[in-house]
Structure formats: C-alpha cells, structure tokens
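Okay, coords_10.txt now, which holds compact mmCIF, N, CA and C atoms:
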```txt
# COMPACT_ATOMS: atom_id res chain seq x y z
N MET A 1 22.08 -2.38 29.88
CA MET A 1 20.65 -2.14 29.72
C MET A 1 20.34 -1.55 28.35
N ILE A 2 21.04 -0.47 27.98
CA ILE A 2 20.80 0.16 26.69
C ILE A 2 21.20 -0.78 25.56
N LYS A 3 22.31 -1.50 25.78
CA LYS A 3 22.76 -2.46 24.77
C LYS A 3 21.69 -3.54 24.55
N ASP A 4 21.07 -4.00 25.65
CA ASP A 4 20.01 -5.00 25.56
C ASP A 4 18.80 -4.45 24.80
N LEU A 5 18.44 -3.20 25.09
CA LEU A 5 17.31 -2.57 24.39
C LEU A 5 17.59 -2.40 22.90
N MET A 6 18.82 -2.04 22.58
CA MET A 6 19.19 -1.87 21.17
C MET A 6 19.13 -3.22 20.44
N GLY A 7 19.60 -4.27 21.10
CA GLY A 7 19.54 -5.60 20.51
C GLY A 7 18.11 -6.05 20.29
N LEU A 8 17.26 -5.78 21.28
CA LEU A 8 15.85 -6.13 21.17
C LEU A 8 15.20 -5.35 20.02
N ALA A 9 15.48 -4.07 19.95
CA ALA A 9 14.92 -3.24 18.88
C ALA A 9 15.37 -3.74 17.52
N ARG A 10 16.64 -4.10 17.40
CA ARG A 10 17.17 -4.60 16.13
C ARG A 10 16.48 -5.91 15.74
N ARG A 11 16.31 -6.82 16.69
CA ARG A 11 15.65 -8.10 16.40
C ARG A 11 14.19 -7.88 15.99
N ARG A 12 13.51 -6.98 16.69
CA ARG A 12 12.10 -6.70 16.35
C ARG A 12 12.00 -6.07 14.97
N PHE A 13 12.93 -5.18 14.63
CA PHE A 13 12.94 -4.55 13.32
C PHE A 13 13.15 -5.59 12.23
N VAL A 14 14.12 -6.47 12.44
CA VAL A 14 14.40 -7.51 11.43
C VAL A 14 13.19 -8.42 11.28
N SER A 15 12.58 -8.83 12.38
CA SER A 15 11.38 -9.68 12.30
C SER A 15 10.26 -8.97 11.55
N ALA A 16 10.03 -7.71 11.88
CA ALA A 16 8.97 -6.94 11.20
C ALA A 16 9.27 -6.82 9.71
N LEU A 17 10.53 -6.61 9.37
CA LEU A 17 10.92 -6.50 7.97
C LEU A 17 10.67 -7.81 7.22
N VAL A 18 11.03 -8.92 7.84
CA VAL A 18 10.80 -10.23 7.21
C VAL A 18 9.31 -10.48 7.02
N TYR A 19 8.51 -10.21 8.04
CA TYR A 19 7.06 -10.41 7.92
C TYR A 19 6.46 -9.50 6.85
N SER A 20 6.96 -8.28 6.77
CA SER A 20 6.45 -7.34 5.76
C SER A 20 6.78 -7.82 4.35
N ILE A 21 7.98 -8.31 4.15
CA ILE A 21 8.37 -8.83 2.84
C ILE A 21 7.52 -10.04 2.48
N GLU A 22 7.28 -10.92 3.44
CA GLU A 22 6.42 -12.07 3.19
C GLU A 22 5.00 -11.63 2.85
N GLY A 23 4.49 -10.63 3.55
CA GLY A 23 3.15 -10.11 3.27
C GLY A 23 3.06 -9.50 1.90
N PHE A 24 4.08 -8.74 1.53
CA PHE A 24 4.09 -8.15 0.20
C PHE A 24 4.13 -9.25 -0.87
N GLY A 25 4.94 -10.28 -0.63
CA GLY A 25 5.01 -11.40 -1.57
C GLY A 25 3.68 -12.11 -1.72
N ALA A 26 2.97 -12.29 -0.62
CA ALA A 26 1.65 -12.93 -0.67
C ALA A 26 0.68 -12.09 -1.48
N ALA A 27 0.72 -10.78 -1.29
CA ALA A 27 -0.15 -9.90 -2.07
C ALA A 27 0.24 -9.93 -3.54
N TRP A 28 1.52 -9.92 -3.82
CA TRP A 28 2.01 -9.95 -5.20
C TRP A 28 1.53 -11.22 -5.91
N ASN A 29 1.57 -12.33 -5.20
CA ASN A 29 1.19 -13.61 -5.81
C ASN A 29 -0.31 -13.78 -5.99
N SER A 30 -1.10 -12.96 -5.31
CA SER A 30 -2.54 -13.20 -5.37
C SER A 30 -3.35 -12.04 -5.94
N GLU A 31 -2.74 -10.89 -6.14
CA GLU A 31 -3.51 -9.72 -6.56
C GLU A 31 -2.89 -9.06 -7.80
N GLU A 32 -3.65 -9.03 -8.85
CA GLU A 32 -3.20 -8.38 -10.09
C GLU A 32 -3.02 -6.87 -9.88
N ALA A 33 -3.87 -6.27 -9.07
CA ALA A 33 -3.80 -4.82 -8.85
C ALA A 33 -2.45 -4.42 -8.25
N ILE A 34 -1.91 -5.23 -7.37
CA ILE A 34 -0.61 -4.94 -6.77
C ILE A 34 0.46 -4.92 -7.86
N LYS A 35 0.39 -5.87 -8.77
CA LYS A 35 1.39 -5.93 -9.84
C LYS A 35 1.31 -4.69 -10.73
N VAL A 36 0.10 -4.27 -11.05
CA VAL A 36 -0.08 -3.07 -11.88
C VAL A 36 0.46 -1.85 -11.15
N GLU A 37 0.07 -1.69 -9.89
CA GLU A 37 0.50 -0.53 -9.12
C GLU A 37 2.00 -0.52 -8.91
N MET A 38 2.60 -1.68 -8.70
CA MET A 38 4.04 -1.73 -8.50
C MET A 38 4.79 -1.47 -9.80
N ALA A 39 4.19 -1.80 -10.94
CA ALA A 39 4.81 -1.49 -12.22
C ALA A 39 4.78 0.03 -12.46
N LEU A 40 3.71 0.67 -12.03
CA LEU A 40 3.58 2.12 -12.20
C LEU A 40 4.38 2.91 -11.18
N LEU A 41 4.63 2.31 -10.02
CA LEU A 41 5.27 3.03 -8.92
C LEU A 41 6.61 3.66 -9.30
N PRO A 42 7.58 2.93 -9.86
CA PRO A 42 8.86 3.58 -10.17
C PRO A 42 8.73 4.67 -11.23
N VAL A 43 7.83 4.47 -12.16
CA VAL A 43 7.61 5.49 -13.20
C VAL A 43 7.05 6.76 -12.57
N LEU A 44 6.01 6.61 -11.76
CA LEU A 44 5.38 7.78 -11.15
C LEU A 44 6.28 8.44 -10.11
N VAL A 45 7.02 7.65 -9.37
CA VAL A 45 7.97 8.24 -8.41
C VAL A 45 9.03 9.05 -9.17
N GLY A 46 9.55 8.47 -10.24
CA GLY A 46 10.53 9.19 -11.06
C GLY A 46 9.97 10.49 -11.62
N LEU A 47 8.76 10.42 -12.16
CA LEU A 47 8.12 11.63 -12.69
C LEU A 47 7.86 12.65 -11.59
N GLY A 48 7.42 12.18 -10.44
CA GLY A 48 7.17 13.08 -9.32
C GLY A 48 8.44 13.79 -8.87
N LEU A 49 9.54 13.05 -8.81
CA LEU A 49 10.81 13.66 -8.42
C LEU A 49 11.32 14.63 -9.49
N TYR A 50 11.05 14.32 -10.74
CA TYR A 50 11.50 15.18 -11.84
C TYR A 50 10.66 16.46 -11.94
N PHE A 51 9.35 16.31 -11.89
CA PHE A 51 8.46 17.46 -12.10
C PHE A 51 8.17 18.28 -10.85
N GLY A 52 8.36 17.71 -9.69
CA GLY A 52 8.14 18.48 -8.48
C GLY A 52 9.15 19.60 -8.37
N GLU A 53 8.69 20.82 -8.24
CA GLU A 53 9.60 21.97 -8.24
C GLU A 53 10.25 22.21 -6.88
N THR A 54 9.60 21.79 -5.83
CA THR A 54 10.14 21.98 -4.48
C THR A 54 10.19 20.62 -3.78
N GLY A 55 10.87 20.61 -2.66
CA GLY A 55 10.91 19.37 -1.88
C GLY A 55 9.52 18.94 -1.44
N LEU A 56 8.71 19.92 -1.06
CA LEU A 56 7.35 19.61 -0.64
C LEU A 56 6.52 19.05 -1.79
N ALA A 57 6.65 19.64 -2.96
CA ALA A 57 5.92 19.14 -4.13
C ALA A 57 6.35 17.71 -4.47
N LYS A 58 7.64 17.46 -4.43
CA LYS A 58 8.15 16.11 -4.70
C LYS A 58 7.60 15.12 -3.67
N ALA A 59 7.63 15.52 -2.40
CA ALA A 59 7.13 14.64 -1.34
C ALA A 59 5.66 14.34 -1.54
N MET A 60 4.88 15.33 -1.91
CA MET A 60 3.45 15.12 -2.13
C MET A 60 3.21 14.18 -3.31
N LEU A 61 3.89 14.41 -4.42
CA LEU A 61 3.69 13.59 -5.61
C LEU A 61 4.09 12.14 -5.36
N VAL A 62 5.17 11.93 -4.65
CA VAL A 62 5.62 10.57 -4.36
C VAL A 62 4.73 9.91 -3.30
N SER A 63 4.41 10.63 -2.24
CA SER A 63 3.69 10.00 -1.13
C SER A 63 2.28 9.57 -1.51
N VAL A 64 1.60 10.33 -2.38
CA VAL A 64 0.25 9.90 -2.74
C VAL A 64 0.26 8.64 -3.59
N VAL A 65 1.33 8.44 -4.36
CA VAL A 65 1.45 7.22 -5.15
C VAL A 65 1.75 6.02 -4.24
N VAL A 66 2.63 6.23 -3.27
CA VAL A 66 2.92 5.17 -2.30
C VAL A 66 1.67 4.85 -1.49
N LEU A 67 0.89 5.87 -1.16
CA LEU A 67 -0.34 5.65 -0.40
C LEU A 67 -1.31 4.72 -1.13
N VAL A 68 -1.38 4.82 -2.44
CA VAL A 68 -2.25 3.93 -3.22
C VAL A 68 -1.84 2.48 -2.98
N VAL A 69 -0.55 2.20 -3.00
CA VAL A 69 -0.07 0.83 -2.77
C VAL A 69 -0.38 0.38 -1.35
N VAL A 70 -0.20 1.26 -0.39
CA VAL A 70 -0.48 0.92 1.02
C VAL A 70 -1.97 0.57 1.19
N VAL A 71 -2.84 1.39 0.62
CA VAL A 71 -4.28 1.14 0.74
C VAL A 71 -4.65 -0.16 0.01
N GLU A 72 -4.02 -0.41 -1.12
CA GLU A 72 -4.27 -1.67 -1.84
C GLU A 72 -3.86 -2.87 -1.00
N LEU A 73 -2.74 -2.78 -0.30
CA LEU A 73 -2.31 -3.87 0.57
C LEU A 73 -3.32 -4.09 1.70
N LEU A 74 -3.81 -3.02 2.28
CA LEU A 74 -4.83 -3.15 3.34
C LEU A 74 -6.12 -3.74 2.79
N ASN A 75 -6.50 -3.32 1.58
CA ASN A 75 -7.69 -3.88 0.95
C ASN A 75 -7.52 -5.38 0.70
N THR A 76 -6.36 -5.76 0.25
CA THR A 76 -6.07 -7.18 0.01
C THR A 76 -6.16 -7.97 1.32
N ALA A 77 -5.63 -7.40 2.39
CA ALA A 77 -5.71 -8.06 3.70
C ALA A 77 -7.15 -8.24 4.14
N ILE A 78 -7.96 -7.21 3.92
CA ILE A 78 -9.39 -7.31 4.27
C ILE A 78 -10.06 -8.41 3.45
N GLU A 79 -9.81 -8.41 2.15
CA GLU A 79 -10.42 -9.42 1.29
C GLU A 79 -10.02 -10.83 1.69
N LYS A 80 -8.73 -11.03 1.98
CA LYS A 80 -8.25 -12.36 2.37
C LYS A 80 -8.87 -12.79 3.71
N THR A 81 -9.03 -11.85 4.61
CA THR A 81 -9.65 -12.16 5.90
C THR A 81 -11.10 -12.58 5.71
N ILE A 82 -11.84 -11.86 4.89
CA ILE A 82 -13.23 -12.21 4.62
C ILE A 82 -13.32 -13.59 3.98
N ASP A 83 -12.42 -13.84 3.01
CA ASP A 83 -12.42 -15.16 2.35
C ASP A 83 -12.04 -16.27 3.32
N ARG A 84 -11.20 -15.98 4.29
CA ARG A 84 -10.80 -16.98 5.29
C ARG A 84 -11.97 -17.35 6.18
N ILE A 85 -12.81 -16.35 6.48
CA ILE A 85 -13.98 -16.60 7.32
C ILE A 85 -14.98 -17.46 6.58
N SER A 86 -15.25 -17.10 5.33
CA SER A 86 -16.20 -17.88 4.53
C SER A 86 -16.13 -17.43 3.08
N THR A 87 -16.18 -18.41 2.18
CA THR A 87 -16.19 -18.08 0.75
C THR A 87 -17.61 -18.07 0.18
N GLU A 88 -18.58 -18.45 1.00
CA GLU A 88 -19.95 -18.42 0.48
C GLU A 88 -20.44 -16.98 0.40
N HIS A 89 -21.36 -16.74 -0.53
CA HIS A 89 -21.87 -15.39 -0.75
C HIS A 89 -22.59 -14.91 0.51
N ASN A 90 -22.22 -13.71 0.93
CA ASN A 90 -22.85 -13.11 2.09
C ASN A 90 -22.93 -11.60 1.83
N PRO A 91 -24.10 -11.00 2.00
CA PRO A 91 -24.24 -9.57 1.71
C PRO A 91 -23.29 -8.69 2.54
N LEU A 92 -23.04 -9.05 3.79
CA LEU A 92 -22.14 -8.27 4.62
C LEU A 92 -20.70 -8.38 4.11
N SER A 93 -20.30 -9.58 3.73
CA SER A 93 -18.95 -9.78 3.17
C SER A 93 -18.76 -8.93 1.92
N LYS A 94 -19.79 -8.89 1.08
CA LYS A 94 -19.72 -8.08 -0.13
C LYS A 94 -19.56 -6.60 0.22
N LYS A 95 -20.34 -6.14 1.20
CA LYS A 95 -20.24 -4.73 1.61
C LYS A 95 -18.83 -4.39 2.11
N VAL A 96 -18.27 -5.27 2.92
CA VAL A 96 -16.94 -5.03 3.47
C VAL A 96 -15.91 -4.99 2.34
N LYS A 97 -15.98 -5.93 1.42
CA LYS A 97 -15.04 -5.94 0.29
C LYS A 97 -15.23 -4.70 -0.59
N ASP A 98 -16.47 -4.30 -0.79
CA ASP A 98 -16.74 -3.10 -1.58
C ASP A 98 -16.19 -1.85 -0.90
N MET A 99 -16.26 -1.81 0.43
CA MET A 99 -15.71 -0.66 1.16
C MET A 99 -14.19 -0.60 1.00
N GLY A 100 -13.54 -1.74 1.04
CA GLY A 100 -12.10 -1.77 0.81
C GLY A 100 -11.75 -1.29 -0.58
N SER A 101 -12.54 -1.73 -1.55
CA SER A 101 -12.34 -1.28 -2.93
C SER A 101 -12.57 0.22 -3.05
N ALA A 102 -13.56 0.73 -2.35
CA ALA A 102 -13.83 2.17 -2.37
C ALA A 102 -12.66 2.95 -1.77
N ALA A 103 -12.02 2.39 -0.75
CA ALA A 103 -10.86 3.04 -0.15
C ALA A 103 -9.72 3.15 -1.16
N VAL A 104 -9.52 2.09 -1.94
CA VAL A 104 -8.49 2.13 -2.99
C VAL A 104 -8.84 3.20 -4.02
N LEU A 105 -10.09 3.22 -4.44
CA LEU A 105 -10.52 4.25 -5.40
C LEU A 105 -10.29 5.64 -4.82
N GLY A 106 -10.61 5.83 -3.55
CA GLY A 106 -10.38 7.12 -2.91
C GLY A 106 -8.91 7.51 -2.92
N ALA A 107 -8.04 6.55 -2.67
CA ALA A 107 -6.59 6.82 -2.69
C ALA A 107 -6.13 7.19 -4.10
N ILE A 108 -6.67 6.50 -5.09
CA ILE A 108 -6.31 6.80 -6.49
C ILE A 108 -6.80 8.19 -6.87
N LEU A 109 -8.05 8.51 -6.53
CA LEU A 109 -8.59 9.84 -6.84
C LEU A 109 -7.79 10.92 -6.11
N ASN A 110 -7.41 10.67 -4.87
CA ASN A 110 -6.58 11.59 -4.11
C ASN A 110 -5.26 11.84 -4.85
N ALA A 111 -4.64 10.76 -5.33
CA ALA A 111 -3.38 10.90 -6.06
C ALA A 111 -3.56 11.75 -7.32
N VAL A 112 -4.63 11.50 -8.05
CA VAL A 112 -4.89 12.26 -9.27
C VAL A 112 -5.07 13.74 -8.94
N VAL A 113 -5.88 14.04 -7.93
CA VAL A 113 -6.12 15.44 -7.54
C VAL A 113 -4.82 16.13 -7.12
N VAL A 114 -4.01 15.46 -6.31
CA VAL A 114 -2.75 16.06 -5.86
C VAL A 114 -1.83 16.31 -7.05
N TRP A 115 -1.71 15.33 -7.95
CA TRP A 115 -0.85 15.51 -9.12
C TRP A 115 -1.33 16.68 -9.97
N VAL A 116 -2.63 16.77 -10.19
CA VAL A 116 -3.17 17.87 -11.01
C VAL A 116 -2.90 19.21 -10.33
N LEU A 117 -3.19 19.30 -9.04
CA LEU A 117 -3.01 20.58 -8.34
C LEU A 117 -1.54 20.99 -8.23
N VAL A 118 -0.67 20.03 -8.04
CA VAL A 118 0.75 20.36 -7.90
C VAL A 118 1.37 20.73 -9.26
N LEU A 119 0.97 20.02 -10.30
CA LEU A 119 1.63 20.21 -11.60
C LEU A 119 1.01 21.29 -12.47
N ILE A 120 -0.22 21.71 -12.15
CA ILE A 120 -0.87 22.71 -13.00
C ILE A 120 -1.01 24.03 -12.26
```
Let me see the file written as structure tokens.
Amino acid sequence: MIKDLMGLARRRFVSALVYSIEGFGAAWNSEEAIKVEMALLPVLVGLGLYFGETGLAKAMLVSVVVLVVVVELLNTAIEKTIDRISTEHNPLSKKVKDMGSAAVLGAILNAVVVWVLVLI
C-alpha cells in the first residue's frame, strides 16, 4: 500500500515537473519580461546571498526576487487566457490584463522595498 502511494506520488511529481518546465518554456518563448527577469535572477540571488547578514535576510532577499518571476508567470498565464478567449479589443479584457500587470509591478515594488530595508 505505502509502496503504491510512493510510486503514485513519484509519478505525479514527475508529471508536474514536466508540465512546469513546458509552461516555463512557453513563457520564455513568448514574453520578453520573463527573459529580462531570468537574466537578473542569478545576479540578484547571488547578491542577496552575499549581502544578507543572516539566514533570514538572505531568505527575504532571494524570495522576493523569485516572487517577481512567479507573479510574472501568473500574469503571462492570465494574458494568454484572455487572448485565447478573444483577441478583439474589449474593455474588460484590458482591465484584466492591466490588473495582472499591476500585480507584477506590486511584486517588483515589494522586492525593492525589502532590499532597501534589509540592506540599509
């Protein structure tokens, strides 16, 4: 029984990992913002690990940068879903896309505030 559950969990994990990699690849191929953020990610993670004086500070500096990428991926998913429904101009579609963009801006501002507060 436990062996069966472990096998099921392993298969589900592998499937989820494959789907996640495919999703990331789709975002990479269609969104310039993802490419910019992913180029900055290793630099900022490295700086966060270097300048963070405690484990908590390092975790905060790294996690807020990763959060920006996560929110960008969600924003991309929202945009693609709206475009799948219809590509014609619609005021509601614009509002939804703008809200996703605002979420990304919020994540970026959050990262800036955390970095400033932790490092100064």
Calculated over only C-alpha atoms, which of the candidates A:Leu49, A:Ala102, A:Ala107, A:Val36 has the smallest distance to Val71 (chain A)?
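The closest residue to Val71 (chain A) is A:Ala107.
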Mind checking which residues fall within 6.5 Å of Val62 (chain A), counting all atoms listed in the file, ignoring those fewer than 4 positions away in the same chain, and posting them as a PyMOL selection string?
chain A and resi 44-45+48-49+57-58+66-67
How big is the axis-aligned box around the listed atoms of region 53-72 of chain A once 6 Å is added on each side, and where is its centre? Give both in Å to one decimal, as AutoDock Vina command-line options.
```
--center_x 3.1 --center_y 9.7 --center_z -3.5 --size_x 27.6 --size_y 37.1 --size_z 21.4
```
Contact residues around Val64 (chain A) with all atoms listed in the file at 7 Å, ignoring same-chain residues under 5 positions, as an MDAnalysis selection string:
chainID A and resid 59 69 107 110:111
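When only C-alpha atoms are used to measure the gap to Leu117 (chain A), the shortest distance among A:Lys94, A:Ile34, A:Gly52, A:Leu5 belongs to A:Gly52.
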Determine the nearest neighbour of Lys97 (chain A) from the options A:Ile78, A:Met38, A:Val112, A:Ile85, counting all atoms listed in the file.
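Result for the nearest residue to Lys97 (chain A): A:Ile78.
The smallest atom-to-atom distance between Val104 (chain A) and any of A:Ala9, A:Leu56, A:Val68, A:Ala39, using only N, CA and C atoms, is found for A:Val68.
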Could you jot down the CA of Pro91 (chain A) to CA of Phe24 (chain A) separation for me, Å, one decimal place?
28.4 Å
Grab the CA of Ile82 (chain A) to CA of Gly106 (chain A) distance for me, in Å with one decimal place.
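These atoms are spaced 20.9 Å apart.
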For a quick check of understanding, using all atoms listed in the file, which of A:Val18, A:Met60, A:Gly25, A:Thr76 has the smallest distance to Ser101 (chain A)?
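Among the listed residues, A:Thr76 lies closest to Ser101 (chain A).
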Which value, in Å to one decimal, gives the distance between atom N of His89 (chain A) and atom C of Leu74 (chain A)?
20.3 Å
